[in-house]
$ cat coords.tsv   # TSV, C-alpha atoms
chain	number	residue	atom	x	y	z
V	14	MET	CA	91.44	-144.50	60.33
V	15	ILE	CA	92.77	-147.75	59.00
V	16	THR	CA	96.52	-147.96	59.04
V	17	ARG	CA	97.01	-151.69	58.90
V	18	TYR	CA	95.33	-154.51	57.07
V	19	ASP	CA	95.22	-158.19	57.82
V	20	GLU	CA	95.71	-160.87	55.17
V	21	GLN	CA	92.01	-161.50	54.75
V	22	GLN	CA	91.30	-157.85	54.09
V	23	LEU	CA	94.14	-157.68	51.60
V	24	ASP	CA	92.88	-160.77	49.80
V	25	ALA	CA	89.42	-159.26	49.55
V	26	LEU	CA	90.81	-156.05	48.06
V	27	CYS	CA	93.02	-157.94	45.62
V	28	GLU	CA	90.18	-160.22	44.56
V	29	LEU	CA	88.02	-157.20	43.81
V	30	ALA	CA	90.73	-155.67	41.68
V	31	SER	CA	91.29	-158.83	39.66
V	32	ILE	CA	87.61	-159.05	38.82
V	33	GLY	CA	87.69	-155.45	37.63
V	34	SER	CA	90.56	-156.03	35.21
V	35	GLY	CA	88.58	-158.55	33.12
V	36	THR	CA	85.85	-156.01	32.55
V	37	ALA	CA	88.48	-153.42	31.65
V	38	ALA	CA	90.03	-155.63	28.95
V	39	THR	CA	86.68	-156.18	27.28
V	40	ALA	CA	86.01	-152.46	27.24
V	41	LEU	CA	89.40	-151.66	25.71
V	42	ALA	CA	89.00	-154.34	23.03
V	43	GLN	CA	85.76	-152.67	21.96
V	44	MET	CA	87.44	-149.29	21.81
V	45	LEU	CA	90.45	-150.44	19.79
V	46	GLY	CA	88.54	-152.93	17.64
V	47	ARG	CA	91.28	-155.47	18.33
V	48	PRO	CA	91.59	-158.42	20.65
V	49	VAL	CA	92.93	-157.29	23.97
V	50	GLU	CA	94.06	-159.43	26.84
V	51	LEU	CA	94.63	-158.03	30.28
V	52	THR	CA	96.12	-160.35	32.85
V	53	VAL	CA	96.96	-159.49	36.41
V	54	PRO	CA	99.82	-161.67	37.60
V	55	ARG	CA	100.31	-159.67	40.76
V	56	ALA	CA	97.95	-157.83	43.05
V	57	LEU	CA	99.37	-156.29	46.16
V	58	ALA	CA	98.11	-154.10	48.93
V	59	LEU	CA	101.06	-152.25	50.29
V	60	PRO	CA	102.17	-149.35	52.38
V	61	LEU	CA	102.80	-146.52	50.01
V	62	ALA	CA	106.59	-146.55	50.05
V	63	ASP	CA	106.58	-150.28	49.20
V	64	ALA	CA	103.90	-149.75	46.57
V	65	LEU	CA	106.15	-147.24	44.85
V	66	ASP	CA	109.06	-149.68	44.93
V	67	ALA	CA	106.83	-152.37	43.43
V	68	VAL	CA	105.92	-150.15	40.49
V	69	GLY	CA	109.35	-148.76	39.68
V	70	GLU	CA	112.06	-146.27	40.52
V	71	PRO	CA	110.66	-142.98	41.90
V	72	ASP	CA	112.42	-140.99	39.19
V	73	ALA	CA	111.50	-143.33	36.32
V	74	MET	CA	109.50	-141.51	33.65
V	75	VAL	CA	105.96	-142.82	33.22
V	76	ALA	CA	102.86	-141.99	31.23
V	77	SER	CA	100.10	-141.73	33.78
V	78	VAL	CA	96.36	-141.35	33.71
V	79	VAL	CA	94.73	-140.13	36.88
V	80	LEU	CA	91.08	-140.91	37.42
V	81	PRO	CA	89.53	-139.34	40.48
V	82	VAL	CA	86.48	-141.21	41.69
V	83	ALA	CA	83.69	-139.56	43.63
V	84	GLY	CA	80.58	-141.02	45.19
V	85	ASP	CA	80.07	-143.15	48.29
V	86	ALA	CA	83.80	-143.76	48.61
V	87	GLU	CA	86.44	-141.38	47.36
V	88	LEU	CA	89.26	-143.05	45.48
V	89	VAL	CA	91.87	-142.20	42.93
V	90	VAL	CA	92.74	-144.70	40.23
V	91	LEU	CA	96.16	-144.17	38.75
V	92	LEU	CA	97.16	-146.03	35.60
V	93	LEU	CA	100.83	-146.15	34.76
V	94	PHE	CA	101.99	-146.98	31.23
V	95	SER	CA	105.52	-147.19	29.96
V	96	TYR	CA	106.33	-144.53	27.34
V	97	ASP	CA	106.44	-147.26	24.68
V	98	CYS	CA	103.08	-148.66	25.66
V	99	ALA	CA	101.50	-145.20	25.66
V	100	ALA	CA	102.96	-144.49	22.21
V	101	ASN	CA	101.74	-147.84	20.91
V	102	LEU	CA	98.21	-147.24	22.17
V	103	CYS	CA	98.11	-143.80	20.56
V	104	GLU	CA	99.35	-145.31	17.31
V	105	LEU	CA	96.58	-147.90	17.34
V	106	LEU	CA	94.10	-145.07	17.59
V	107	GLY	CA	95.89	-143.17	14.81
V	108	VAL	CA	96.95	-140.17	16.89
V	109	GLU	CA	100.30	-138.56	17.66
V	110	PRO	CA	101.60	-139.54	21.12
V	111	ARG	CA	102.23	-136.63	23.51
V	112	SER	CA	100.20	-134.20	21.44
V	113	ASP	CA	97.00	-132.68	22.82
V	114	ILE	CA	94.97	-135.22	20.93
V	115	GLY	CA	97.33	-138.02	21.93
V	116	ASP	CA	96.95	-137.09	25.59
V	117	SER	CA	93.23	-136.94	25.15
V	118	ALA	CA	93.25	-140.41	23.56
V	119	LEU	CA	95.43	-141.85	26.32
V	120	GLY	CA	93.13	-140.27	28.89
V	121	GLU	CA	90.20	-141.95	27.18
V	122	ILE	CA	91.95	-145.33	27.23
V	123	GLY	CA	92.69	-144.77	30.91
V	124	ASN	CA	89.07	-143.85	31.37
V	125	VAL	CA	87.91	-147.07	29.71
V	126	LEU	CA	90.33	-149.27	31.66
V	127	GLY	CA	89.80	-147.46	34.94
V	128	ALA	CA	86.08	-146.83	34.71
V	129	SER	CA	85.19	-150.41	33.94
V	130	ALA	CA	87.36	-151.56	36.82
V	131	ILE	CA	85.61	-149.03	39.02
V	132	GLY	CA	82.28	-150.31	37.71
V	133	ALA	CA	83.19	-153.80	38.87
V	134	PHE	CA	84.09	-152.49	42.30
V	135	ALA	CA	80.85	-150.59	42.45
V	136	GLN	CA	78.84	-153.65	41.47
V	137	MET	CA	80.48	-155.92	43.97
V	138	THR	CA	80.40	-153.50	46.88
V	139	GLY	CA	77.08	-151.81	46.17
V	140	LEU	CA	78.78	-148.45	46.40
V	141	ALA	CA	77.86	-145.70	43.98
V	142	LEU	CA	81.16	-144.70	42.37
V	143	ALA	CA	81.42	-142.07	39.67
V	144	PRO	CA	84.68	-141.59	37.76
V	145	GLU	CA	85.58	-137.97	37.01
V	146	PRO	CA	87.41	-136.76	33.87
V	147	PRO	CA	90.96	-138.13	33.52
V	148	HIS	CA	94.21	-136.19	33.83
V	149	VAL	CA	97.16	-137.26	31.68
V	150	LEU	CA	100.65	-136.63	32.92
V	151	TYR	CA	104.08	-137.65	31.67
V	152	ASP	CA	106.48	-137.29	34.56
V	153	MET	CA	108.52	-138.99	37.26
V	154	LEU	CA	106.71	-141.85	38.97
V	155	GLY	CA	107.37	-140.62	42.49
V	156	ALA	CA	106.32	-137.08	41.65
V	157	VAL	CA	103.01	-138.25	40.21
V	158	VAL	CA	102.15	-140.61	43.05
V	159	ALA	CA	103.26	-138.44	45.95
V	160	SER	CA	101.57	-135.33	44.58
V	161	LEU	CA	98.35	-137.26	44.12
V	162	LEU	CA	98.45	-138.74	47.56
V	163	THR	CA	99.20	-135.53	49.34
V	164	ALA	CA	96.42	-133.79	47.42
V	165	THR	CA	93.88	-136.47	48.20
V	166	ALA	CA	94.79	-139.00	50.84
V	167	ALA	CA	96.85	-136.84	53.14
V	168	GLU	CA	97.37	-139.37	55.91
V	169	LEU	CA	96.60	-142.75	54.45
V	170	ASP	CA	99.85	-144.29	53.34
V	171	PHE	CA	98.35	-147.25	51.60
V	172	ALA	CA	97.84	-148.29	48.01
V	173	LEU	CA	96.48	-151.26	46.14
V	174	VAL	CA	98.80	-152.15	43.27
V	175	LEU	CA	97.89	-154.29	40.28
V	176	ASP	CA	100.72	-155.23	38.01
V	177	ALA	CA	99.04	-156.05	34.76
V	178	THR	CA	100.16	-157.27	31.38
V	179	LEU	CA	98.31	-155.78	28.47
V	180	THR	CA	98.43	-157.81	25.26
V	181	ILE	CA	97.14	-156.25	22.08
V	182	GLU	CA	97.53	-158.40	18.96
V	183	GLU	CA	100.32	-160.38	20.57
V	184	ALA	CA	102.31	-157.31	21.57
V	185	GLU	CA	102.78	-157.38	25.33
V	186	SER	CA	103.37	-154.41	27.54
V	187	GLY	CA	103.40	-153.79	31.25
V	188	LEU	CA	100.74	-151.69	32.87
V	189	SER	CA	100.20	-150.83	36.50
V	190	PHE	CA	97.00	-149.84	38.24
V	191	LEU	CA	97.28	-148.10	41.55
V	192	LEU	CA	94.12	-147.78	43.54
V	193	LEU	CA	94.61	-145.11	46.12
V	194	PRO	CA	91.84	-144.90	48.67
V	195	THR	CA	91.54	-141.44	50.12
V	196	VAL	CA	90.83	-141.02	53.82
V	197	GLY	CA	87.65	-142.96	54.52
V	198	GLY	CA	87.63	-144.50	51.06
V	199	ALA	CA	89.32	-147.72	52.13
V	200	ASP	CA	87.19	-147.98	55.25
V	201	GLU	CA	84.07	-147.67	53.17
V	202	LEU	CA	85.22	-150.26	50.67
V	203	LEU	CA	86.25	-152.78	53.32
V	204	GLY	CA	83.12	-152.14	55.31
V	205	ARG	CA	81.00	-153.08	52.30
V	206	LEU	CA	82.96	-156.29	51.91
V	207	GLY	CA	82.05	-157.29	55.43
V	208	PHE	CA	85.16	-156.21	57.26
V	209	GLU	CA	85.34	-153.83	60.12
V	210	GLY	CA	88.03	-151.19	59.95
V	211	GLY	CA	91.38	-152.26	61.38
V	212	GLU	CA	93.04	-150.63	64.34
U	7	MET	CA	108.88	-139.73	51.11
U	8	GLY	CA	108.27	-137.99	54.38
U	9	GLU	CA	111.74	-138.92	55.49
U	10	LEU	CA	114.92	-137.10	56.34
U	11	ALA	CA	118.55	-138.04	56.22
U	12	VAL	CA	121.71	-136.40	57.52
U	13	SER	CA	125.35	-137.24	56.98
U	14	ALA	CA	128.83	-136.12	57.94
U	15	THR	CA	130.52	-138.61	55.62
U	16	ALA	CA	132.19	-137.02	52.60
U	17	GLU	CA	131.42	-139.94	50.27
U	18	ASP	CA	127.70	-139.88	51.04
U	19	GLU	CA	125.05	-138.68	48.66
U	20	LEU	CA	121.58	-137.81	49.93
U	21	VAL	CA	118.84	-138.15	47.34
U	22	SER	CA	115.13	-137.41	47.06
U	23	MET	CA	113.82	-138.91	43.85
U	24	GLY	CA	110.66	-137.87	42.09
U	25	LEU	CA	109.63	-134.75	43.98
U	26	GLY	CA	106.35	-133.39	42.67
U	27	SER	CA	104.38	-131.09	44.93
U	28	CYS	CA	106.70	-132.29	47.69
U	29	VAL	CA	109.66	-130.09	48.57
U	30	GLY	CA	113.18	-131.38	49.09
U	31	VAL	CA	114.88	-129.22	51.74
U	32	ALA	CA	118.66	-129.44	51.77
U	33	LEU	CA	120.61	-127.90	54.64
U	34	VAL	CA	124.34	-127.56	54.07
U	35	ASP	CA	127.10	-126.23	56.29
U	36	ARG	CA	129.40	-124.05	54.14
U	37	ASP	CA	132.52	-124.93	56.08
U	38	ARG	CA	132.02	-128.45	57.34
U	39	THR	CA	131.34	-131.80	55.79
U	40	VAL	CA	127.82	-132.14	57.07
U	41	ALA	CA	124.50	-131.90	55.29
U	42	GLY	CA	120.89	-132.99	55.57
U	43	LEU	CA	117.93	-133.49	53.28
U	44	ALA	CA	114.23	-133.71	54.12
U	45	HIS	CA	111.36	-134.75	51.87
U	46	VAL	CA	108.44	-132.55	52.90
U	47	MET	CA	104.98	-133.60	51.72
U	48	LEU	CA	102.54	-131.21	53.40
U	49	PRO	CA	102.69	-127.69	54.85
U	50	SER	CA	101.70	-128.36	58.44
U	51	ALA	CA	101.04	-131.15	60.85
U	52	ASN	CA	97.39	-131.66	61.72
U	53	ALA	CA	97.53	-134.97	63.51
U	54	ALA	CA	99.66	-136.97	65.89
U	55	TYR	CA	100.45	-139.34	63.07
U	56	SER	CA	103.45	-138.37	60.99
U	57	ALA	CA	106.64	-139.51	59.39
U	58	PRO	CA	109.55	-137.44	60.73
U	59	ALA	CA	109.79	-135.10	57.77
U	60	LYS	CA	106.32	-135.24	56.31
U	61	PHE	CA	105.20	-131.80	57.44
U	62	ALA	CA	107.15	-128.62	56.77
U	63	ASP	CA	106.57	-127.11	60.20
U	64	ARG	CA	108.08	-130.17	61.89
U	65	ALA	CA	110.59	-131.27	59.29
U	66	VAL	CA	112.63	-128.06	59.14
U	67	PRO	CA	113.40	-127.79	62.90
U	68	THR	CA	114.01	-131.56	63.07
U	69	LEU	CA	116.41	-131.44	60.13
U	70	LEU	CA	118.25	-128.49	61.61
U	71	ALA	CA	118.60	-130.15	65.01
U	72	SER	CA	119.81	-133.34	63.33
U	73	ILE	CA	122.65	-131.70	61.42
U	74	GLU	CA	123.58	-129.58	64.45
U	75	ARG	CA	124.07	-132.83	66.33
U	76	LEU	CA	126.59	-133.79	63.63
U	77	GLY	CA	128.47	-130.54	64.22
U	78	ALA	CA	126.89	-128.11	61.78
U	79	GLN	CA	126.89	-124.46	62.84
U	80	ARG	CA	123.74	-122.41	62.34
U	81	GLU	CA	125.70	-119.33	61.15
U	82	GLN	CA	127.30	-121.33	58.34
U	83	MET	CA	124.14	-123.04	57.28
U	84	VAL	CA	122.37	-122.49	53.98
U	85	ALA	CA	119.19	-124.01	52.64
U	86	VAL	CA	118.53	-125.12	49.07
U	87	LEU	CA	115.02	-126.06	47.94
U	88	ALA	CA	113.74	-128.20	45.08
U	89	GLY	CA	110.26	-129.37	44.16
U	90	GLY	CA	106.96	-127.71	45.00
U	91	ALA	CA	105.60	-128.19	41.50
U	92	GLN	CA	101.95	-128.01	40.56
U	93	MET	CA	101.64	-131.40	38.92
U	94	PHE	CA	97.97	-131.36	38.05
U	95	THR	CA	97.22	-128.15	36.23
U	96	GLY	CA	93.99	-127.09	34.66
U	97	GLY	CA	92.02	-129.84	36.33
U	98	LYS	CA	88.42	-129.26	37.18
U	99	THR	CA	88.40	-131.86	39.91
U	100	SER	CA	89.63	-131.77	43.45
U	101	VAL	CA	92.94	-133.22	42.29
U	102	GLY	CA	93.86	-130.16	40.27
U	103	ASN	CA	92.86	-127.36	42.53
U	104	LEU	CA	95.03	-127.40	45.55
U	105	ASP	CA	98.15	-125.42	44.86
U	106	LEU	CA	99.92	-127.72	47.26
U	107	GLY	CA	103.42	-127.30	45.83
U	108	ALA	CA	103.41	-123.56	46.40
U	109	ARG	CA	101.93	-123.98	49.89
U	110	ASN	CA	104.63	-126.50	50.74
U	111	GLU	CA	107.35	-124.15	49.57
U	112	ALA	CA	105.88	-121.21	51.47
U	113	ALA	CA	105.66	-123.28	54.66
U	114	VAL	CA	109.27	-124.42	54.29
U	115	ARG	CA	110.48	-120.85	53.71
U	116	THR	CA	108.55	-119.61	56.75
U	117	ALA	CA	110.04	-122.33	58.94
U	118	LEU	CA	113.57	-121.59	57.68
U	119	ALA	CA	113.12	-117.84	58.24
U	120	GLU	CA	112.04	-118.47	61.83
U	121	LEU	CA	115.28	-120.36	62.39
U	122	GLY	CA	117.37	-117.74	60.60
U	123	VAL	CA	118.60	-120.02	57.82
U	124	PRO	CA	118.87	-118.29	54.40
U	125	VAL	CA	117.55	-119.95	51.25
U	126	CYS	CA	120.46	-119.61	48.82
U	127	ALA	CA	119.02	-121.38	45.81
U	128	ALA	CA	115.77	-122.95	44.76
U	129	ALA	CA	114.41	-124.89	41.82
U	130	THR	CA	110.74	-124.80	42.66
U	131	GLY	CA	107.34	-124.36	41.05
U	132	GLY	CA	106.52	-125.27	37.48
U	133	ASP	CA	104.75	-128.49	36.60
U	134	ARG	CA	107.57	-131.04	36.35
U	135	GLY	CA	108.84	-133.55	38.85
U	136	ARG	CA	112.41	-133.25	40.14
U	137	THR	CA	115.13	-135.31	41.74
U	138	VAL	CA	117.50	-133.55	44.13
U	139	ARG	CA	120.94	-134.78	45.21
U	140	VAL	CA	123.23	-133.52	47.96
U	141	ARG	CA	126.87	-134.57	47.65
U	142	VAL	CA	128.01	-134.25	51.22
U	143	GLY	CA	131.76	-133.97	50.59
U	144	GLU	CA	131.46	-131.13	48.08
U	145	ALA	CA	128.47	-129.55	49.85
U	146	ARG	CA	126.97	-129.49	46.36
U	147	VAL	CA	123.25	-129.59	45.66
U	148	SER	CA	122.04	-130.55	42.21
U	149	VAL	CA	118.65	-131.04	40.64
U	150	LYS	CA	117.30	-132.92	37.66
U	151	GLU	CA	113.92	-132.12	36.18
U	152	ALA	CA	111.72	-134.77	34.61
U	153	GLY	CA	113.00	-135.28	31.08
U	154	GLY	CA	115.97	-132.96	31.70
U	155	VAL	CA	119.60	-133.19	32.73
U	156	GLU	CA	121.17	-132.80	36.14
U	157	VAL	CA	122.30	-129.26	36.92
U	158	SER	CA	124.20	-127.81	39.85
U	159	LEU	CA	121.94	-125.71	42.03
U	160	TRP	CA	124.37	-124.59	44.68
U	161	HIS	CA	127.83	-125.27	46.05
U	162	PRO	CA	130.04	-123.24	48.43
U	163	HIS	CA	131.89	-121.39	45.63
U	164	PHE	CA	128.82	-120.38	43.66
U	165	HIS	CA	128.72	-116.71	42.64
U	166	ALA	CA	125.54	-114.86	43.38
U	167	ASP	CA	125.02	-114.37	39.63
U	168	ASP	CA	124.94	-118.09	39.08
U	169	LEU	CA	122.11	-118.77	41.44
U	170	VAL	CA	119.22	-120.58	39.90
U	171	GLU	CA	115.93	-119.09	41.02
U	172	THR	CA	112.96	-120.32	39.08
U	173	PRO	CA	109.68	-118.50	39.53

$ encode --input "coords.tsv" --output "C-alpha cells"
Amino acid sequence: MITRYDEQQLDALCELASIGSGTAATALAQMLGRPVELTVPRALALPLADALDAVGEPDAMVASVVLPVAGDAELVVLLLFSYDCAANLCELLGVEPRSDIGDSALGEIGNVLGASAIGAFAQMTGLALAPEPPHVLYDMLGAVVASLLTATAAELDFALVLDATLTIEEAESGLSFLLLPTVGGADELLGRLGFEGGE
Amino acid sequence: MGELAVSATAEDELVSMGLGSCVGVALVDRDRTVAGLAHVMLPSANAAYSAPAKFADRAVPTLLASIERLGAQREQMVAVLAGGAQMFTGGKTSVGNLDLGARNEAAVRTALAELGVPVCAAATGGDRGRTVRVRVGEARVSVKEAGGVEVSLWHPHFHADDLVETP
C-alpha cells in the first residue's frame, strides 16, 4: 500500500487532474448553453487531514456531489460547491435548488464535470474507468469526506485536491474537486503513469 | 479524524467537527475536571496501521486509559456519543450500502460495556453530520447538527428526563 508520495509522483497526479478540468469545462458549457471557464489555480496531493484543511473547515456546510468510479481502478470523485454556487447553477438550469429536481440537476452537473475529468484520466492512463450515478448531499464538509473515505478507502489517508474557479458569464465561484483513490486505486493510477508504488 | 484528546484543564474545549458516519466518544468524570474525546472512524482494527483513535475497539480503551492517567475514576465516568449517521442513503452503489455509522456506534457501545462505562446520552444515527464539543470545566457535552443549532447533550446535573436519545 502506498502511504507516501514523492514530488514527481505528486506532479504527475496534479498534471493529470489539470488536464481533466479543461475537458470538464467544455462539457459544462455545452450543458448550460453558456460560456464556462474552469481554471485550476491549485492542485495538491495531500494527506487527508491536510486535504480537508485545504478545502475548508470540517463543519462548514457544503453542497457535494459524490461520483463513485468503478473499473480498473476504484476511485471516488467528490465535487464540493458552495451553497451559493449550487443555487446559481440550479437557477441557470431553471430548477429550484435543494428540491428533488434541484438535487438531480446538481448531480447531473457534478456528473458532467466529474465524468469528463475521469474520461481524461482514463485516456491518459489507459485505464477503463466507469463513473457510477452521482449522490448529492448538503452537509458538513468533514462529515461528507470522512464518511466517504471510511466507506471506500478505509486505510488510505490520501487525497488529490483541485481548487478550481468556475466562471459562468463572468460570475466567479469556487469549486473543489477531491479525487479520493480507494485502496489500490492510487497504486493502479501511478503504475500506469510509469511509477512504482512508494514504500 | 482518527484522533483523541484528553484534558484536565477547566478552560479547555475538546471538539470533533463534522462527524458523519464517524462517532465522537466523549468520556467525562462526573466529579473531576477531566474529560476526553475520541474521533472513531471504523468499528475494528484490521491492520497494524492506525491512528490512535481510528478504530472503536482500540480507541475506547486508549481513551479510558488516557483520562485515568489524568486522574479520572472509572466509577464516576460516563460516556456520551455523537455521530454514527448514515450519510449516503438510498444509494445503489457501494458508497451507499455499508451502514457504517450504525456499526461504528455498536462497536463503541460494545467496547464501553466491556469496560463498564455507561452511555448516558447519545445523538446518533440519522443522515446529518454533527459537531460535538466537550467543555472540560463544566463537564458539559453539546452537539450541533448540520444546519441546526448547538444543544446540550449532557452535563452532570442533567435529569434523566432531559436525556437526548435519538433513534

$ residues_around --input "coords.tsv" --residues "segment 70-79 of chain V" --least-positions-apart "4" --cutoff "8 Å" --atoms "only C-alpha atoms" --output "short mmCIF file (atom, residue, chain, number, x, y, z; two decimals) with C-alpha atoms, keeping the file's coordinate frame"
data_model
loop_
_atom_site.label_atom_id
_atom_site.label_comp_id
_atom_site.auth_asym_id
_atom_site.auth_seq_id
_atom_site.Cartn_x
_atom_site.Cartn_y
_atom_site.Cartn_z
CA LEU V 65 106.15 -147.24 44.85
CA ASP V 66 109.06 -149.68 44.93
CA VAL V 89 91.87 -142.20 42.93
CA VAL V 90 92.74 -144.70 40.23
CA LEU V 91 96.16 -144.17 38.75
CA LEU V 92 97.16 -146.03 35.60
CA LEU V 93 100.83 -146.15 34.76
CA PHE V 94 101.99 -146.98 31.23
CA SER V 95 105.52 -147.19 29.96
CA TYR V 96 106.33 -144.53 27.34
CA ALA V 99 101.50 -145.20 25.66
CA LEU V 119 95.43 -141.85 26.32
CA GLY V 120 93.13 -140.27 28.89
CA GLY V 123 92.69 -144.77 30.91
CA PRO V 147 90.96 -138.13 33.52
CA HIS V 148 94.21 -136.19 33.83
CA VAL V 149 97.16 -137.26 31.68
CA LEU V 150 100.65 -136.63 32.92
CA TYR V 151 104.08 -137.65 31.67
CA ASP V 152 106.48 -137.29 34.56
CA MET V 153 108.52 -138.99 37.26
CA LEU V 154 106.71 -141.85 38.97
CA GLY V 155 107.37 -140.62 42.49
CA ALA V 156 106.32 -137.08 41.65
CA VAL V 157 103.01 -138.25 40.21
CA MET U 23 113.82 -138.91 43.85
CA GLY U 24 110.66 -137.87 42.09
CA ARG U 136 112.41 -133.25 40.14
CA THR U 137 115.13 -135.31 41.74
CA ALA U 152 111.72 -134.77 34.61
CA GLY U 153 113.00 -135.28 31.08
#

$ axis_aligned_box --input "coords.tsv" --around "segment 10-19 of chain U" --padding-each-side "6 Å" --output "lines of an AutoDock Vina configuration file"
center_x = 123.6
center_y = -138.0
center_z = 53.3
size_x = 29.3
size_y = 15.8
size_z = 21.3

$ residues_around --input "coords.tsv" --residues "His45 of chain U" --least-positions-apart "4" --cutoff "12 Å" --atoms "all atoms listed in the file" --output "ChimeraX atom specification"
/V:155-156,159 /U:7-12,20-33,49,57-62,64-66,68-69,87-90,110-111,114,136-139

$ residues_around --input "coords.tsv" --residues "segment 43-54 of chain V" --least-positions-apart "4" --cutoff "12 Å" --atoms "all atoms listed in the file" --output "ChimeraX atom specification"
/V:27-39,101-107,118-119,121-126,130,174-190

$ atom_distance --input "coords.tsv" --atom1 "atom CA of Ala14 of chain U" --atom2 "atom CA of Gly154 of chain U"
29.4 Å

$ residues_around --input "coords.tsv" --residues "Asp35 of chain U" --least-positions-apart "3" --cutoff "10 Å" --atoms "only C-alpha atoms" --output "ChimeraX atom specification"
/U:38-42,73-74,77-85,142,145,162

$ residues_around --input "coords.tsv" --residues "Phe164 of chain U" --least-positions-apart "6" --cutoff "10 Å" --atoms "only C-alpha atoms" --output "tab-separated table (two decimals) with C-alpha atoms, in the frame of the given file"
chain	number	residue	atom	x	y	z
U	126	CYS	CA	120.46	-119.61	48.82
U	146	ARG	CA	126.97	-129.49	46.36
U	158	SER	CA	124.20	-127.81	39.85

$ closest_residue --input "coords.tsv" --among "V:Ala86, V:Leu41, V:Ile114, V:Asp63" --to "chain U" --atoms "all atoms listed in the file"
V:Asp63

$ atom_distance --input "coords.tsv" --atom1 "atom CA of Asp97 of chain V" --atom2 "atom CA of Pro81 of chain V"
24.5 Å

$ closest_residue --input "coords.tsv" --among "V:Leu142, V:Leu161, V:Ala64, V:Leu57" --to "chain U" --atoms "only C-alpha atoms"
V:Leu161

$ atom_distance --input "coords.tsv" --atom1 "atom CA of Ala108 of chain U" --atom2 "atom CA of Ala83 of chain V"
25.5 Å

$ closest_residue --input "coords.tsv" --among "U:Leu76, U:Asp18, U:His161, U:Val86" --to "Leu118 of chain U" --atoms "all atoms listed in the file"
U:Val86
